[in-house]
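Dumped my_file.tsv below, it's TSV, C-alpha atoms:
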```tsv
chain	number	residue	atom	x	y	z
W	124	MET	CA	15.62	35.94	-7.34
W	125	LYS	CA	13.84	34.54	-4.33
W	126	GLY	CA	11.48	31.68	-5.02
W	127	PRO	CA	8.36	30.82	-3.02
W	128	LEU	CA	8.82	28.83	0.18
W	129	PHE	CA	8.36	25.08	0.23
W	130	TYR	CA	7.82	23.35	3.53
W	131	SER	CA	8.96	20.09	5.05
W	132	LYS	CA	6.49	17.28	5.61
W	133	ILE	CA	5.75	14.65	8.18
W	134	LEU	CA	4.36	11.27	7.26
W	135	LEU	CA	2.26	10.72	10.39
W	136	PHE	CA	1.27	7.20	9.40
W	137	GLY	CA	2.17	4.82	6.61
W	138	GLU	CA	5.97	4.46	6.59
W	139	TYR	CA	6.85	1.10	4.97
W	140	GLY	CA	3.15	0.15	4.95
W	141	ILE	CA	2.38	2.32	1.93
W	142	ILE	CA	4.90	0.27	-0.06
W	143	LYS	CA	2.43	-2.57	0.48
W	144	ASP	CA	-0.76	-0.53	0.07
W	145	SER	CA	-1.56	0.44	3.63
W	146	ARG	CA	-3.21	3.80	4.14
W	147	GLY	CA	-1.08	6.80	4.99
W	148	LEU	CA	-1.40	10.40	6.14
W	149	SER	CA	1.16	13.06	5.36
W	150	ILE	CA	1.00	16.65	6.65
W	151	PRO	CA	3.02	19.79	5.84
W	152	TYR	CA	5.31	20.93	8.66
W	153	ASN	CA	5.96	24.67	8.42
W	154	PHE	CA	8.75	24.76	10.99
W	155	PHE	CA	11.30	23.85	8.28
W	156	LYS	CA	11.33	25.38	4.81
W	157	GLY	CA	13.40	26.02	1.72
W	158	ALA	CA	13.48	28.37	-1.30
W	159	LEU	CA	15.53	28.82	-4.47
W	160	LYS	CA	17.90	31.78	-4.22
W	161	LYS	CA	20.82	33.25	-6.15
W	162	SER	CA	24.12	34.66	-5.01
W	163	VAL	CA	27.21	35.91	-6.81
W	164	HIS	CA	29.49	34.81	-3.96
W	165	LEU	CA	28.80	31.17	-3.21
W	166	GLU	CA	30.47	29.46	-0.30
W	167	GLY	CA	29.87	26.62	2.16
W	168	LYS	CA	26.43	25.04	1.94
W	169	ALA	CA	25.27	27.36	-0.87
W	170	LEU	CA	28.24	26.32	-3.04
W	171	GLU	CA	27.58	22.64	-2.30
W	172	SER	CA	23.89	23.09	-3.15
W	173	ASN	CA	24.76	24.79	-6.45
W	174	GLY	CA	27.00	21.83	-7.36
W	175	ASN	CA	24.19	19.38	-6.52
W	176	LEU	CA	21.74	21.38	-8.63
W	177	LYS	CA	24.09	20.99	-11.62
W	178	LYS	CA	23.98	17.20	-11.23
W	179	PHE	CA	20.21	17.29	-10.68
W	180	ALA	CA	19.71	19.39	-13.84
W	181	ALA	CA	21.68	16.83	-15.88
W	182	TYR	CA	19.46	14.09	-14.43
W	183	LEU	CA	16.28	16.04	-15.30
W	184	GLU	CA	17.50	16.53	-18.86
W	185	HIS	CA	17.98	12.78	-19.18
W	186	MET	CA	14.60	12.09	-17.53
W	187	GLN	CA	12.81	14.48	-19.88
W	188	ALA	CA	14.36	12.76	-22.90
W	189	GLU	CA	13.30	9.34	-21.58
W	190	ALA	CA	9.74	10.35	-20.66
W	191	PRO	CA	8.73	13.36	-22.81
W	192	ASP	CA	5.03	12.67	-22.23
W	193	LEU	CA	5.41	12.82	-18.47
W	194	VAL	CA	7.04	16.22	-17.99
W	195	SER	CA	9.21	18.83	-19.67
W	196	PHE	CA	11.27	21.61	-18.11
W	197	ASP	CA	12.61	24.95	-19.23
W	198	MET	CA	16.14	23.52	-19.19
W	199	GLU	CA	17.68	26.63	-20.70
W	200	ALA	CA	16.43	28.81	-17.84
W	201	LEU	CA	17.43	26.19	-15.26
W	202	HIS	CA	21.02	25.89	-16.56
W	203	LYS	CA	21.30	29.67	-16.84
W	204	ASP	CA	20.13	30.22	-13.24
W	205	ILE	CA	22.50	27.55	-11.92
W	206	GLU	CA	25.39	29.19	-13.78
W	207	GLU	CA	24.36	32.50	-12.19
W	208	GLY	CA	24.71	31.07	-8.70
W	209	MET	CA	21.35	29.53	-7.86
W	210	PHE	CA	21.14	27.32	-4.76
W	211	PHE	CA	18.44	25.89	-2.52
W	212	ASP	CA	18.45	27.78	0.75
W	213	SER	CA	16.90	25.38	3.23
W	214	SER	CA	16.48	24.92	6.97
W	215	ILE	CA	15.17	21.36	6.41
W	216	PRO	CA	17.62	18.87	7.96
W	217	GLN	CA	18.78	16.14	5.57
W	218	GLY	CA	18.33	12.50	6.53
W	219	TYR	CA	15.78	13.33	9.22
W	220	GLY	CA	12.64	11.99	7.58
W	221	VAL	CA	11.03	15.40	7.07
W	222	GLY	CA	11.41	15.67	3.30
W	223	SER	CA	14.46	17.81	2.50
W	224	SER	CA	14.73	16.53	-1.10
W	225	GLY	CA	10.94	16.73	-1.48
W	226	ALA	CA	10.93	20.49	-0.94
W	227	LEU	CA	13.71	20.97	-3.49
W	228	VAL	CA	11.89	18.84	-6.09
W	229	ALA	CA	8.69	20.86	-5.53
W	230	ALA	CA	10.59	24.14	-5.90
W	231	ILE	CA	12.27	23.08	-9.18
W	232	TYR	CA	9.01	21.81	-10.70
W	233	ASP	CA	7.22	25.00	-9.63
W	234	GLN	CA	9.86	27.23	-11.17
W	235	TYR	CA	10.82	25.32	-14.33
W	236	GLY	CA	8.06	22.82	-15.14
W	237	LYS	CA	6.31	23.49	-18.45
W	238	ASP	CA	2.49	23.14	-18.65
W	239	LYS	CA	2.57	22.38	-14.96
W	240	ILE	CA	-0.38	21.37	-12.81
W	241	THR	CA	-0.90	24.22	-10.37
W	242	VAL	CA	-2.18	24.24	-6.83
W	243	LEU	CA	-5.02	26.56	-7.82
W	244	GLU	CA	-6.75	24.26	-10.28
W	245	ASN	CA	-9.28	21.58	-9.47
W	246	LEU	CA	-7.03	18.77	-8.28
W	247	THR	CA	-8.68	15.61	-9.53
W	248	ARG	CA	-7.33	12.22	-8.55
W	249	GLU	CA	-5.81	11.91	-12.04
W	250	LYS	CA	-3.91	15.19	-11.62
W	251	LEU	CA	-2.67	14.18	-8.16
W	252	LEU	CA	-1.47	10.83	-9.47
W	253	ARG	CA	0.25	12.52	-12.41
W	254	LEU	CA	2.02	14.93	-10.05
W	255	LYS	CA	2.99	12.02	-7.80
W	256	ALA	CA	4.45	10.15	-10.81
W	257	ILE	CA	6.42	13.22	-11.96
W	258	PHE	CA	7.73	13.89	-8.46
W	259	GLY	CA	8.57	10.23	-7.86
W	260	ARG	CA	10.68	10.18	-11.01
W	261	MET	CA	12.36	13.49	-10.10
W	262	GLU	CA	13.09	12.51	-6.49
W	263	SER	CA	14.56	9.15	-7.52
W	264	PHE	CA	17.73	11.14	-8.21
W	265	PHE	CA	18.15	11.46	-4.43
W	266	HIS	CA	16.79	8.16	-3.10
W	267	GLY	CA	17.08	5.51	-5.78
W	268	LYS	CA	13.31	4.96	-5.66
W	269	SER	CA	10.73	7.45	-4.51
W	270	SER	CA	6.96	7.37	-4.10
W	271	GLY	CA	6.77	11.09	-4.96
W	272	LEU	CA	4.68	11.79	-1.85
W	273	ASP	CA	7.14	14.10	-0.08
W	274	PRO	CA	7.40	16.57	-2.99
W	275	LEU	CA	3.63	16.33	-3.53
W	276	ASN	CA	3.02	17.34	0.07
W	277	SER	CA	5.53	20.15	-0.14
W	278	TYR	CA	4.16	21.40	-3.47
W	279	LEU	CA	0.50	21.44	-2.41
W	280	SER	CA	1.11	22.36	1.24
W	281	LEU	CA	-1.99	20.30	2.12
W	282	PRO	CA	-2.47	17.14	4.16
W	283	ILE	CA	-2.53	14.13	1.84
W	284	LEU	CA	-4.49	10.97	2.48
W	285	ILE	CA	-3.04	7.87	0.86
W	286	ASN	CA	-5.73	5.22	0.42
W	287	SER	CA	-3.53	2.99	-1.74
W	288	GLN	CA	-0.71	3.48	-4.24
W	289	ASP	CA	-3.08	4.65	-6.95
W	290	ASN	CA	-5.67	6.33	-4.79
W	291	ILE	CA	-4.60	9.55	-3.10
W	292	GLU	CA	-6.48	12.72	-2.22
W	293	SER	CA	-5.92	15.99	-0.43
W	294	THR	CA	-7.76	15.97	2.86
W	295	SER	CA	-8.48	18.08	5.91
W	296	ILE	CA	-7.50	17.16	9.44
W	297	PRO	CA	-9.18	18.28	12.67
W	298	THR	CA	-8.17	21.78	13.76
W	299	GLN	CA	-5.48	21.81	16.40
W	300	ASN	CA	-6.42	22.53	19.99
W	301	PRO	CA	-3.72	24.96	21.19
W	302	ASP	CA	-4.79	24.45	24.82
W	303	GLY	CA	-4.95	20.66	24.56
W	304	LYS	CA	-2.77	18.48	26.78
W	305	GLY	CA	-2.11	15.90	24.07
W	306	ALA	CA	0.41	16.30	21.28
W	307	VAL	CA	2.30	14.79	18.37
W	308	PHE	CA	5.98	15.63	18.72
W	309	LEU	CA	9.36	15.04	17.10
W	310	LEU	CA	12.24	13.60	19.04
W	311	ASP	CA	15.75	14.17	17.66
W	312	SER	CA	17.77	10.95	17.57
W	313	GLY	CA	20.92	12.99	17.05
W	314	THR	CA	22.01	10.88	14.07
W	315	VAL	CA	21.27	11.08	10.36
W	316	GLY	CA	19.19	8.28	8.83
W	317	GLU	CA	19.88	6.91	5.36
W	318	THR	CA	16.71	5.91	3.50
W	319	ALA	CA	18.15	3.39	1.01
W	320	PRO	CA	19.78	0.96	3.54
W	321	MET	CA	16.63	0.95	5.69
W	322	VAL	CA	14.40	0.15	2.72
W	323	GLN	CA	16.89	-2.59	1.79
W	324	ILE	CA	16.51	-4.16	5.26
W	325	PHE	CA	12.73	-3.99	4.91
W	326	MET	CA	12.81	-5.67	1.50
W	327	GLU	CA	15.01	-8.46	2.91
W	328	GLN	CA	12.57	-8.99	5.79
W	329	MET	CA	9.69	-9.13	3.31
W	330	LYS	CA	11.16	-12.36	1.97
W	331	GLN	CA	10.17	-14.10	5.22
W	332	GLU	CA	6.60	-15.31	5.40
W	333	GLY	CA	6.36	-14.60	9.15
W	334	PHE	CA	7.26	-10.95	8.62
W	335	ARG	CA	4.80	-10.60	5.73
W	336	LYS	CA	2.03	-11.91	8.00
W	337	VAL	CA	2.91	-9.44	10.76
W	338	LEU	CA	2.96	-6.62	8.22
W	339	LYS	CA	-0.46	-7.49	6.86
W	340	ASN	CA	-2.29	-8.58	10.03
W	341	GLN	CA	-0.82	-6.13	12.52
W	342	PHE	CA	1.28	-3.29	11.09
W	343	ILE	CA	-1.03	-2.36	8.21
W	344	ARG	CA	-4.16	-3.01	10.27
W	345	TYR	CA	-3.10	-0.63	13.06
W	346	THR	CA	-1.74	1.94	10.60
W	347	ASP	CA	-5.08	2.04	8.74
W	348	ALA	CA	-6.95	2.37	12.04
W	349	CYS	CA	-4.67	5.24	13.18
W	350	VAL	CA	-5.27	7.13	9.92
W	351	GLU	CA	-9.03	6.71	10.31
W	352	ASP	CA	-8.95	7.80	13.99
W	353	PHE	CA	-6.76	10.83	13.33
W	354	ILE	CA	-8.85	12.16	10.44
W	355	SER	CA	-12.13	11.64	12.29
W	356	GLY	CA	-10.74	13.15	15.51
W	357	ASN	CA	-11.32	9.99	17.57
W	358	VAL	CA	-8.46	10.61	20.01
W	359	LYS	CA	-9.30	7.85	22.51
W	360	SER	CA	-9.31	5.13	19.86
W	361	LEU	CA	-6.23	6.69	18.21
W	362	PHE	CA	-4.05	6.24	21.29
W	363	GLY	CA	-5.16	2.63	21.68
W	364	ASN	CA	-4.12	1.90	18.11
W	365	ILE	CA	-0.86	3.88	18.32
W	366	LYS	CA	0.18	1.85	21.37
W	367	LYS	CA	-0.35	-1.38	19.39
W	368	LEU	CA	1.49	0.08	16.38
W	369	SER	CA	4.42	1.21	18.56
W	370	HIS	CA	4.64	-2.33	20.00
W	371	VAL	CA	4.70	-3.97	16.55
W	372	VAL	CA	7.46	-1.60	15.39
W	373	LEU	CA	9.58	-2.33	18.48
W	374	ASP	CA	9.15	-6.09	18.03
W	375	HIS	CA	9.55	-6.36	14.26
W	376	PHE	CA	11.25	-3.17	12.96
W	377	SER	CA	14.00	-2.93	15.57
W	378	PRO	CA	16.84	-2.43	13.01
W	379	MET	CA	15.11	0.83	11.99
W	380	ILE	CA	15.14	2.12	15.59
W	381	PRO	CA	18.47	3.64	16.70
W	382	GLN	CA	19.92	1.31	19.38
W	383	GLU	CA	19.91	3.87	22.19
W	384	PHE	CA	16.16	4.45	21.72
W	385	HIS	CA	15.02	0.84	22.20
W	386	GLN	CA	14.73	1.32	25.96
W	387	LEU	CA	12.89	4.68	25.66
W	388	TRP	CA	10.51	3.08	23.16
W	389	LYS	CA	9.73	0.24	25.58
W	390	GLN	CA	9.44	2.65	28.53
W	391	GLY	CA	6.78	4.67	26.68
W	392	ILE	CA	4.63	1.60	25.99
W	393	GLU	CA	4.93	0.34	29.56
W	394	SER	CA	4.26	3.68	31.28
W	395	ASN	CA	1.64	4.92	28.76
W	396	SER	CA	3.17	8.40	29.09
W	397	TYR	CA	4.04	8.51	25.36
W	398	TYR	CA	4.25	6.18	22.33
W	399	LEU	CA	7.00	6.35	19.73
W	400	LYS	CA	6.91	5.44	16.04
W	401	LEU	CA	9.15	5.80	13.02
W	402	CYS	CA	9.25	9.11	11.18
W	403	GLY	CA	10.11	8.24	7.59
W	404	SER	CA	12.38	5.24	7.08
W	405	GLY	CA	14.03	5.40	10.50
W	406	GLY	CA	17.64	4.46	11.22
W	407	GLY	CA	18.19	7.94	12.67
W	408	GLY	CA	16.79	11.42	12.08
W	409	TYR	CA	13.56	12.18	13.89
W	410	ILE	CA	11.34	9.79	15.80
W	411	LEU	CA	7.64	10.62	16.07
W	412	GLY	CA	5.98	10.67	19.47
W	413	PHE	CA	2.34	10.74	20.53
W	414	THR	CA	1.18	11.63	24.02
W	415	GLU	CA	-2.09	12.38	25.79
W	416	ASP	CA	-0.20	14.45	28.36
W	417	LEU	CA	2.69	16.52	26.99
W	418	GLU	CA	4.02	17.54	30.42
W	419	LYS	CA	4.14	13.91	31.53
W	420	ALA	CA	5.98	13.00	28.31
W	421	ARG	CA	8.48	15.85	28.78
W	422	LYS	CA	9.30	14.58	32.28
W	423	ALA	CA	9.66	10.99	31.09
W	424	LEU	CA	11.90	12.11	28.20
W	425	LYS	CA	13.99	14.51	30.27
W	426	GLY	CA	17.23	15.41	28.49
W	427	HIS	CA	15.60	15.11	25.06
W	428	ARG	CA	14.25	18.04	23.09
W	429	LEU	CA	10.64	17.67	21.98
W	430	GLU	CA	9.39	19.66	18.97
W	431	VAL	CA	5.59	19.82	19.04
W	432	VAL	CA	3.99	19.23	15.65
W	433	TYR	CA	0.30	19.10	16.51
W	434	ASN	CA	-1.81	19.62	19.64
W	435	PHE	CA	-4.87	17.57	20.58
```
Full structure transcribed into structure tokens:
Amino acid sequence: MKGPLFYSKILLFGEYGIIKDSRGLSIPYNFFKGALKKSVHLEGKALESNGNLKKFAAYLEHMQAEAPDLVSFDMEALHKDIEEGMFFDSSIPQGYGVGSSGALVAAIYDQYGKDKITVLENLTREKLLRLKAIFGRMESFFHGKSSGLDPLNSYLSLPILINSQDNIESTSIPTQNPDGKGAVFLLDSGTVGETAPMVQIFMEQMKQEGFRKVLKNQFIRYTDACVEDFISGNVKSLFGNIKKLSHVVLDHFSPMIPQEFHQLWKQGIESNSYYLKLCGSGGGGYILGFTEDLEKARKALKGHRLEVVYNF
């Protein structure tokens, strides 16, 4: 048994904002991937994964009983495959904001979901929202509360435009320019980020009126503008808005930025050689970078490894 591959994702724009109905843009990232496999001799990570799948299967059984109208699974086949040594073989790093649990959720739904919505059918908004609801419920096993966007991205392997919580659509983004000087890149913080504590900090901050104002008047405003610029290929305007967004994050989301990156963050804004933003919930994992001149950014970030995601 070797299941189809499911890829990681990158939420280019919309982290935290989409909780409060900002726009968002999520793209598949094919550098990392995972697939369901079986082995008679399980050890190390495969053995650990098999154990986690047992717990996940028990959760899905409970979920199916609670919401029979939402989704049902071939539980018999799932339990049988887990007993026979099934595990999720994945190169997607956990706690890095690139959707490790999302790919697993997509793979399980694809393999064991009954009457499932497939990628090949006409994906109406209703179908996308239904998938998002199913995936959100499934992924809650890993995160406590999930929007369902990561698995949706992994399952469809298409860029997804989030207009609001109940308005999402698959979209196309401008074709990459392999010879372009500009790039979106990932920067490894070297530490794992935990989603739940970061969301907790955000929810605490939301209790302050000053923070809510900043979120609405600056963070969401610049996020929406970045999404619009990126989709329409307006690179000049995009970098102006990303600089503002990067500034707001540094000033108001500093707990989500690993301490040792505060200076690099500031340096990017001041030198205009690159701009950094959160990738996922922050606190560790990857940080997203945008630059109009990749070579300049590499020099400025000497000693750090840059993984290019997209070329302008």
9 Å contact set for Ser355 in chain W, only C-alpha atoms, chain neighbours under 5 positions out, as a VMD selection string
chain W and resid 296 to 297 350
Using all atoms listed in the file, pick whichever of W:Phe384, W:Tyr130, W:Phe353, W:Phe211 has the shortest atom-to-atom distance to Pro274 in chain W.
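Nearest candidate to Pro274 in chain W out of W:Phe384, W:Tyr130, W:Phe353, W:Phe211: W:Tyr130.
For Val337 in chain W, the list of residues within 12 Å, based on all atoms listed in the file and with local chain neighbours fewer than 4 positions off taken out, reads Gly140, Gln328, Met329, Gln331, Glu332, Gly333, Gln341, Phe342, Ile343, Arg344, Tyr345, Leu368, His370, Val371, Val372, Asp374, His375 and Phe376 of chain W.
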Keeping C-alpha atoms for every residue in the selection just given, could you write it to a file as a JSON list (two decimals), keeping the file's coordinate frame?
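Output saved as selection_16.json:
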```json
[["chain", "number", "residue", "atom", "x", "y", "z"],
["W", 140, "GLY", "CA", 3.15, 0.15, 4.95],
["W", 328, "GLN", "CA", 12.57, -8.99, 5.79],
["W", 329, "MET", "CA", 9.69, -9.13, 3.31],
["W", 331, "GLN", "CA", 10.17, -14.10, 5.22],
["W", 332, "GLU", "CA", 6.60, -15.31, 5.40],
["W", 333, "GLY", "CA", 6.36, -14.60, 9.15],
["W", 341, "GLN", "CA", -0.82, -6.13, 12.52],
["W", 342, "PHE", "CA", 1.28, -3.29, 11.09],
["W", 343, "ILE", "CA", -1.03, -2.36, 8.21],
["W", 344, "ARG", "CA", -4.16, -3.01, 10.27],
["W", 345, "TYR", "CA", -3.10, -0.63, 13.06],
["W", 368, "LEU", "CA", 1.49, 0.08, 16.38],
["W", 370, "HIS", "CA", 4.64, -2.33, 20.00],
["W", 371, "VAL", "CA", 4.70, -3.97, 16.55],
["W", 372, "VAL", "CA", 7.46, -1.60, 15.39],
["W", 374, "ASP", "CA", 9.15, -6.09, 18.03],
["W", 375, "HIS", "CA", 9.55, -6.36, 14.26],
["W", 376, "PHE", "CA", 11.25, -3.17, 12.96]]
```
Would you mind listing what lies within 12 Å of Ile240 in chain W as a PyMOL selection string, with only C-alpha atoms counted and same-chain residues fewer than 2 positions away left out?
chain W and resi 193-194+229+232-238+242-247+249-255+257-258+275+278-279
Same residues, C-alpha atoms, saved as a tab-separated table (two decimals), in the frame of the given file:
```tsv
chain	number	residue	atom	x	y	z
W	193	LEU	CA	5.41	12.82	-18.47
W	194	VAL	CA	7.04	16.22	-17.99
W	229	ALA	CA	8.69	20.86	-5.53
W	232	TYR	CA	9.01	21.81	-10.70
W	233	ASP	CA	7.22	25.00	-9.63
W	234	GLN	CA	9.86	27.23	-11.17
W	235	TYR	CA	10.82	25.32	-14.33
W	236	GLY	CA	8.06	22.82	-15.14
W	237	LYS	CA	6.31	23.49	-18.45
W	238	ASP	CA	2.49	23.14	-18.65
W	242	VAL	CA	-2.18	24.24	-6.83
W	243	LEU	CA	-5.02	26.56	-7.82
W	244	GLU	CA	-6.75	24.26	-10.28
W	245	ASN	CA	-9.28	21.58	-9.47
W	246	LEU	CA	-7.03	18.77	-8.28
W	247	THR	CA	-8.68	15.61	-9.53
W	249	GLU	CA	-5.81	11.91	-12.04
W	250	LYS	CA	-3.91	15.19	-11.62
W	251	LEU	CA	-2.67	14.18	-8.16
W	252	LEU	CA	-1.47	10.83	-9.47
W	253	ARG	CA	0.25	12.52	-12.41
W	254	LEU	CA	2.02	14.93	-10.05
W	255	LYS	CA	2.99	12.02	-7.80
W	257	ILE	CA	6.42	13.22	-11.96
W	258	PHE	CA	7.73	13.89	-8.46
W	275	LEU	CA	3.63	16.33	-3.53
W	278	TYR	CA	4.16	21.40	-3.47
W	279	LEU	CA	0.50	21.44	-2.41
```
For CA of Ala158 in chain W and CA of Tyr182 in chain W, quote the distance in Å rounded to one decimal.
20.3 Å
Taking all atoms listed in the file into account, produce a table as a Markdown table in which each residue of range 305-333 of chain W with an atom at most 12 Å from an atom of range 359-367 of chain W appears once, together with its shortest atom pair and the distance in Å to one decimal, ordered by chain and rising number.
```
| residue | atom | partner | partner_atom | distance |
| --- | --- | --- | --- | --- |
| W:Gly305 | CA | W:Phe362 | CA | 10.2 |
| W:Ala306 | CA | W:Phe362 | CA | 11.0 |
| W:Val307 | CA | W:Phe362 | CA | 11.0 |
```
Pick from W:Met321, W:Ile354, W:Ala180, W:Leu424, whichever lies nearest to Gln386 in chain W using all atoms listed in the file
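Using all atoms listed in the file, the shortest distance to Gln386 in chain W belongs to W:Leu424.
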Counting all atoms listed in the file, figure out which residue out of W:Asp302, W:Asp311, W:Asp197, W:Asp204 gets nearest to Pro216 in chain W.
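Of W:Asp302, W:Asp311, W:Asp197, W:Asp204, the one nearest Pro216 in chain W, counting all atoms listed in the file, is W:Asp311.
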Have a look at W:Glu351, W:Glu317, W:Glu430, W:Glu383 and name the one nearest to Gly218 in chain W; count all atoms listed in the file.
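Among the listed residues, W:Glu317 lies closest to Gly218 in chain W.
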Given 8 Å of margin on each side, can you work out the centre and size in Å (one decimal) of an axis-aligned box holding every listed atom of range 196-210 of chain W, as JSON?
```
{"center_x": 18.3, "center_y": 27.1, "center_z": -12.7, "size_x": 30.1, "size_y": 26.9, "size_z": 31.9}
```
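Among the candidates W:Ile285, W:Leu183, W:Leu310, W:Leu429, the residue lying nearest to Glu262 in chain W is W:Leu183 (atoms considered: all atoms listed in the file).
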Distance cut-off 7 Å, centre (8.8, 19.2, 9.9) in file coordinates, counting all atoms listed in the file: which residues qualify? Return them as a list in words.
Ser131, Lys132, Ile133, Tyr152, Asn153, Phe154, Phe155 and Val221 of chain W
Store the residues of this selection in a file with C-alpha atoms, as a compact mmCIF listing (two decimals), in the frame of the given file.
```txt
# COMPACT_ATOMS: atom_id res chain seq x y z
CA SER W 131 8.96 20.09 5.05
CA LYS W 132 6.49 17.28 5.61
CA ILE W 133 5.75 14.65 8.18
CA TYR W 152 5.31 20.93 8.66
CA ASN W 153 5.96 24.67 8.42
CA PHE W 154 8.75 24.76 10.99
CA PHE W 155 11.30 23.85 8.28
CA VAL W 221 11.03 15.40 7.07
```
Determine the nearest neighbour of Lys156 in chain W from the options W:Glu138, W:His266, W:Lys239, W:Ser280, counting only C-alpha atoms.
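Under the stated criterion, the closest residue is W:Ser280.
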Local residues around (-1.3, -2.1, -2.6), at most 12 Å away, using only C-alpha atoms, as a PyMOL selection string
chain W and resi 139-147+285-290+339+343
Restore all heavy atoms in range 159-165 of chain W and list the result as a PDB file, keeping the file's coordinate frame.
```
ATOM      1  N   LEU W 159      14.443  28.633  -3.516  1.00  0.00           N
ATOM      2  CA  LEU W 159      15.530  28.820  -4.470  1.00  0.00           C
ATOM      3  C   LEU W 159      16.019  30.265  -4.391  1.00  0.00           C
ATOM      4  O   LEU W 159      15.218  31.195  -4.412  1.00  0.00           O
ATOM      5  CB  LEU W 159      15.043  28.518  -5.895  1.00  0.00           C
ATOM      6  CG  LEU W 159      14.715  27.047  -6.194  1.00  0.00           C
ATOM      7  CD1 LEU W 159      13.964  26.933  -7.499  1.00  0.00           C
ATOM      8  CD2 LEU W 159      15.985  26.189  -6.219  1.00  0.00           C
ATOM      9  N   LYS W 160      17.321  30.431  -4.290  1.00  0.00           N
ATOM     10  CA  LYS W 160      17.900  31.780  -4.220  1.00  0.00           C
ATOM     11  C   LYS W 160      19.125  31.846  -5.118  1.00  0.00           C
ATOM     12  O   LYS W 160      19.637  30.817  -5.546  1.00  0.00           O
ATOM     13  CB  LYS W 160      18.324  32.110  -2.783  1.00  0.00           C
ATOM     14  CG  LYS W 160      17.159  32.352  -1.843  1.00  0.00           C
ATOM     15  CD  LYS W 160      17.660  32.812  -0.481  1.00  0.00           C
ATOM     16  CE  LYS W 160      16.504  32.993   0.484  1.00  0.00           C
ATOM     17  NZ  LYS W 160      16.971  33.239   1.844  1.00  0.00           N
ATOM     18  N   LYS W 161      19.608  33.065  -5.339  1.00  0.00           N
ATOM     19  CA  LYS W 161      20.820  33.250  -6.150  1.00  0.00           C
ATOM     20  C   LYS W 161      21.813  34.105  -5.398  1.00  0.00           C
ATOM     21  O   LYS W 161      21.420  35.014  -4.668  1.00  0.00           O
ATOM     22  CB  LYS W 161      20.454  33.978  -7.441  1.00  0.00           C
ATOM     23  CG  LYS W 161      20.348  33.075  -8.651  1.00  0.00           C
ATOM     24  CD  LYS W 161      20.216  33.948  -9.884  1.00  0.00           C
ATOM     25  CE  LYS W 161      19.415  33.252 -10.957  1.00  0.00           C
ATOM     26  NZ  LYS W 161      19.101  34.153 -12.051  1.00  0.00           N
ATOM     27  N   SER W 162      23.095  33.820  -5.610  1.00  0.00           N
ATOM     28  CA  SER W 162      24.120  34.660  -5.010  1.00  0.00           C
ATOM     29  C   SER W 162      25.352  34.667  -5.911  1.00  0.00           C
ATOM     30  O   SER W 162      25.676  33.652  -6.532  1.00  0.00           O
ATOM     31  CB  SER W 162      24.503  34.127  -3.629  1.00  0.00           C
ATOM     32  OG  SER W 162      25.613  34.838  -3.136  1.00  0.00           O
ATOM     33  N   VAL W 163      26.003  35.806  -5.977  1.00  0.00           N
ATOM     34  CA  VAL W 163      27.210  35.910  -6.810  1.00  0.00           C
ATOM     35  C   VAL W 163      28.372  35.239  -6.084  1.00  0.00           C
ATOM     36  O   VAL W 163      29.235  34.611  -6.678  1.00  0.00           O
ATOM     37  CB  VAL W 163      27.555  37.407  -7.081  1.00  0.00           C
ATOM     38  CG1 VAL W 163      28.702  37.514  -8.089  1.00  0.00           C
ATOM     39  CG2 VAL W 163      26.331  38.148  -7.598  1.00  0.00           C
ATOM     40  N   HIS W 164      28.399  35.380  -4.752  1.00  0.00           N
ATOM     41  CA  HIS W 164      29.490  34.810  -3.960  1.00  0.00           C
ATOM     42  C   HIS W 164      28.996  33.566  -3.233  1.00  0.00           C
ATOM     43  O   HIS W 164      28.396  33.654  -2.172  1.00  0.00           O
ATOM     44  CB  HIS W 164      30.031  35.827  -2.963  1.00  0.00           C
ATOM     45  CG  HIS W 164      30.414  37.125  -3.607  1.00  0.00           C
ATOM     46  ND1 HIS W 164      31.502  37.225  -4.449  1.00  0.00           N
ATOM     47  CD2 HIS W 164      29.840  38.356  -3.556  1.00  0.00           C
ATOM     48  CE1 HIS W 164      31.586  38.482  -4.886  1.00  0.00           C
ATOM     49  NE2 HIS W 164      30.583  39.181  -4.372  1.00  0.00           N
ATOM     50  N   LEU W 165      29.257  32.417  -3.832  1.00  0.00           N
ATOM     51  CA  LEU W 165      28.800  31.170  -3.210  1.00  0.00           C
ATOM     52  C   LEU W 165      29.899  30.575  -2.347  1.00  0.00           C
ATOM     53  O   LEU W 165      31.057  30.507  -2.760  1.00  0.00           O
ATOM     54  CB  LEU W 165      28.415  30.153  -4.293  1.00  0.00           C
ATOM     55  CG  LEU W 165      27.169  30.443  -5.134  1.00  0.00           C
ATOM     56  CD1 LEU W 165      27.037  29.409  -6.236  1.00  0.00           C
ATOM     57  CD2 LEU W 165      25.915  30.452  -4.272  1.00  0.00           C
TER      58      LEU W 165
END
```
